[in-house]
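S.K.: Just coords.txt, nothing more (compact mmCIF, C-alpha atoms):
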```txt
# COMPACT_ATOMS: atom_id res chain seq x y z
CA MET T 1 20.93 14.81 -12.38
CA LYS T 2 17.34 15.73 -11.63
CA THR T 3 16.39 17.69 -8.54
CA ILE T 4 14.70 15.96 -5.65
CA SER T 5 11.56 17.86 -6.61
CA GLU T 6 11.60 16.71 -10.24
CA ARG T 7 12.45 13.11 -9.40
CA SER T 8 9.91 12.91 -6.54
CA LEU T 9 7.12 14.09 -8.80
CA GLU T 10 8.18 11.66 -11.53
CA LEU T 11 8.17 8.76 -9.06
CA PHE T 12 4.85 9.82 -7.55
CA LYS T 13 3.21 9.98 -10.97
CA SER T 14 4.57 6.49 -11.70
CA GLY T 15 2.66 5.02 -8.75
CA TYR T 16 4.85 5.40 -5.68
CA TYR T 17 3.29 7.01 -2.63
CA CYS T 18 4.37 10.50 -1.57
CA SER T 19 6.57 9.22 1.26
CA GLU T 20 8.24 6.64 -0.97
CA SER T 21 8.77 9.09 -3.83
CA ILE T 22 10.51 11.67 -1.70
CA LEU T 23 12.72 9.14 0.07
CA ILE T 24 13.77 7.45 -3.18
CA ALA T 25 14.59 10.79 -4.83
CA ALA T 26 16.65 11.95 -1.84
CA ALA T 27 18.49 8.64 -1.61
CA GLU T 28 19.32 8.83 -5.31
CA LYS T 29 20.58 12.39 -4.85
CA LEU T 30 22.87 11.18 -2.06
CA GLY T 31 23.98 8.08 -3.98
CA ILE T 32 22.45 5.78 -1.38
CA LYS T 33 21.18 2.40 -2.50
CA SER T 34 19.39 0.05 -0.15
CA GLU T 35 16.77 -2.65 -0.48
CA LEU T 36 15.05 -0.90 2.44
CA ILE T 37 14.24 2.14 0.29
CA PRO T 38 11.35 2.67 -0.34
CA ARG T 39 10.07 -0.13 1.91
CA ILE T 40 10.58 1.81 5.13
CA ALA T 41 8.45 4.66 3.79
CA SER T 42 5.49 2.65 2.50
CA GLY T 43 3.29 2.81 5.58
CA PHE T 44 3.41 6.60 5.70
CA GLY T 45 1.49 7.08 2.44
CA SER T 46 -2.12 8.32 2.37
CA GLY T 47 -1.94 10.06 5.71
CA ILE T 48 -0.12 7.23 7.50
CA ALA T 49 -1.88 4.22 6.06
CA GLU T 50 -5.25 5.94 5.60
CA THR T 51 -5.59 6.91 9.27
CA ASN T 52 -6.06 10.66 8.66
CA GLY T 53 -2.56 11.24 9.95
CA THR T 54 0.31 13.32 8.70
CA CYS T 55 0.72 13.64 4.94
CA GLY T 56 3.26 11.04 3.81
CA ALA T 57 5.39 13.75 2.20
CA VAL T 58 6.37 14.94 5.68
CA PRO T 59 7.76 11.67 7.09
CA GLY T 60 9.28 10.98 3.66
CA ALA T 61 11.18 14.25 3.95
CA VAL T 62 12.10 13.58 7.59
CA MET T 63 13.59 10.23 6.54
CA ALA T 64 15.40 11.98 3.67
CA ILE T 65 16.91 14.45 6.12
CA GLY T 66 17.92 11.46 8.22
CA LEU T 67 19.81 10.10 5.22
CA LEU T 68 21.49 13.48 4.83
CA CYS T 69 22.55 14.05 8.43
CA GLY T 70 21.04 11.47 10.76
CA ARG T 71 22.92 9.68 13.48
CA ASN T 72 24.57 6.28 13.32
CA HIS T 73 25.35 6.13 17.04
CA SER T 74 23.57 7.36 20.15
CA THR T 75 26.55 9.48 21.12
CA GLU T 76 26.42 11.59 17.96
CA ASN T 77 24.96 15.08 18.01
CA ILE T 78 21.38 15.42 16.70
CA ASP T 79 21.17 19.23 16.57
CA VAL T 80 21.67 19.69 12.82
CA ASN T 81 19.19 16.94 12.00
CA PHE T 82 16.55 18.41 14.29
CA GLN T 83 17.08 21.92 12.94
CA LEU T 84 16.77 20.82 9.31
CA THR T 85 13.69 18.77 10.17
CA LYS T 86 12.12 21.76 11.90
CA ASP T 87 12.99 23.91 8.90
CA PHE T 88 11.25 21.46 6.58
CA VAL T 89 8.10 21.25 8.72
CA GLU T 90 7.91 25.03 9.15
CA ASN T 91 8.30 25.59 5.40
CA PHE T 92 5.72 22.90 4.64
CA LYS T 93 3.23 24.50 7.05
CA THR T 94 3.90 27.95 5.60
CA VAL T 95 3.04 26.69 2.13
CA PHE T 96 0.19 24.28 2.92
CA LYS T 97 -1.12 25.54 6.32
CA SER T 98 -1.28 21.99 7.68
CA THR T 99 0.62 18.71 7.71
CA GLN T 100 -2.51 16.55 8.02
CA CYS T 101 -3.46 14.56 4.91
CA THR T 102 -7.19 15.01 5.48
CA ALA T 103 -6.87 18.79 5.80
CA LEU T 104 -4.66 18.98 2.71
CA THR T 105 -6.82 16.82 0.44
CA LYS T 106 -10.22 17.62 2.00
CA CYS T 107 -10.82 13.85 1.90
CA ASN T 108 -11.02 11.32 4.71
CA LEU T 109 -9.09 8.41 3.23
CA SER T 110 -10.08 6.11 6.08
CA THR T 111 -13.60 5.83 4.64
CA ILE T 112 -14.99 4.49 1.38
CA GLU T 113 -16.75 7.82 0.83
CA GLY T 114 -13.52 9.72 1.38
CA LYS T 115 -11.64 7.51 -1.09
CA LYS T 116 -14.38 8.05 -3.68
CA LYS T 117 -14.28 11.79 -3.06
CA PHE T 118 -10.49 11.74 -3.47
CA LYS T 119 -10.83 10.02 -6.81
CA ASN T 120 -13.82 12.05 -8.07
CA TYR T 121 -12.41 15.33 -6.78
CA ASN T 122 -9.13 14.48 -8.51
CA ALA T 123 -7.28 15.29 -5.30
CA ILE T 124 -4.24 13.54 -6.73
CA CYS T 125 -3.47 16.87 -8.42
CA LEU T 126 -3.15 18.41 -4.95
CA CYS T 127 -0.84 15.59 -3.99
CA ASN T 128 1.29 16.24 -7.08
CA ASP T 129 1.75 19.81 -5.85
CA ILE T 130 2.54 18.65 -2.32
CA VAL T 131 5.16 16.15 -3.51
CA GLU T 132 6.73 18.67 -5.87
CA LYS T 133 6.87 21.47 -3.29
CA SER T 134 8.18 19.09 -0.61
CA GLY T 135 10.96 18.17 -3.01
CA GLU T 136 11.70 21.85 -3.60
CA ILE T 137 11.98 22.45 0.14
CA LEU T 138 14.34 19.47 0.42
CA ASP T 139 16.40 20.68 -2.52
CA GLN T 140 16.89 23.96 -0.68
CA ILE T 141 17.74 22.22 2.60
CA PHE T 142 20.23 19.89 0.90
CA ALA T 143 21.87 22.83 -0.93
CA GLU T 144 22.20 24.83 2.31
CA TYR T 145 23.58 21.81 4.17
CA TYR T 146 26.28 21.29 1.58
CA ALA T 147 27.04 25.02 1.44
CA GLU T 148 28.03 25.06 5.12
```
How would this structure read if it were set down as structure tokens?
M.R.:
Amino acid sequence: MKTISERSLELFKSGYYCSESILIAAAEKLGIKSELIPRIASGFGSGIAETNGTCGAVPGAVMAIGLLCGRNHSTENIDVNFQLTKDFVENFKTVFKSTQCTALTKCNLSTIEGKKKFKNYNAICLCNDIVEKSGEILDQIFAEYYAE
């Protein structure tokens, strides 16, 4: 079976958004099938629907961690989920220095000019790296979770 990193990058290159790619790959790794995946991740792509928000790889990973160890009931403990989510975000920031799509791509995707710059600048290559590295961080988190 492919790693989350490998599968995420494959899915991203096939046309899925970063958030969708990461969530699909993690769900596959966990053997989870749902008609809601990747639908629930779609709006997070391109910096949360081209609003200059958080890179979609981050909420994609947060949702993936939710699949791994999220809660089903309000009475369940959230500590492990929060810690793994914090670990992901800290690692992401260490590697990329920001979680904001605009800062990462140097393109404002909420404008026509920014979209043109993204395309002309070939910023998709940066996104490939972000998706791949996000998958690597998740692979490590998943491995550590199962090792406990």
S.K.: Extract, using only C-alpha atoms, all DNA, RNA and protein residues at most 12 Å from region 4-8 of chain T, discarding same-chain residues fewer than 4 positions from it, and format them as a ChimeraX atom specification.
M.R.: /T:12-30,57,60-61,64,127-143
S.K.: Tell me which of T:Gly47, T:Thr85, T:Leu36, T:Val80 sits closest to Ala103 (chain T), counting only C-alpha atoms.
M.R.: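 Nearest to Ala103 (chain T): T:Gly47.
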S.K.: One decimal, in Å: what's the spacing between CA of Arg39 (chain T) and CA of Lys119 (chain T)?
M.R.: 24.8 Å
S.K.: Nearest residue to Cys125 (chain T) out of T:Leu104, T:Phe82, T:Gly43, T:Gly70, using all atoms listed in the file?
M.R.: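 The shortest atom-to-atom distance to Cys125 (chain T) comes from T:Leu104.
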S.K.: Measuring between all atoms listed in the file, which one of T:Ile78, T:Met1, T:Val89, T:Leu84 shows the shortest distance to Ile65 (chain T)?
M.R.: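 Looking at the shortest contact to Ile65 (chain T), the residue is T:Leu84.
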S.K.: Considering only C-alpha atoms, return as number ranges by chain whatever protein or nucleic-acid residues lie within 12 Å of Ser98 (chain T), sequence-local ones (same chain, fewer than 2 positions apart) excluded.
M.R.: T: 53-55, 57-58, 89-96, 100-106, 130
S.K.: Would you work out the distance separating CA of Cys107 (chain T) from CA of Leu11 (chain T), expressed in Å to one decimal?
M.R.: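 A separation of 22.5 Å between them.
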S.K.: Using Å and a single decimal, report how far CA of Thr51 (chain T) sits from CA of Lys33 (chain T).
M.R.: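 CA of Thr51 (chain T) lies 29.6 Å from CA of Lys33 (chain T).
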S.K.: With only C-alpha atoms as the atoms that count, which of T:Gly31, T:Ala41, T:Glu144, T:Glu50 lies nearest to Phe118 (chain T)?
M.R.: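 Among the listed residues, T:Glu50 lies closest to Phe118 (chain T).
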S.K.: Would you compute an axis-aligned box for region 4-21 of chain T, covering every atom listed for it in the file with 3 Å of margin on each side, and report centre and edge lengths in Å to one decimal as JSON?
M.R.:
```
{"center_x": 8.7, "center_y": 11.4, "center_z": -5.2, "size_x": 18.0, "size_y": 18.8, "size_z": 19.0}
```
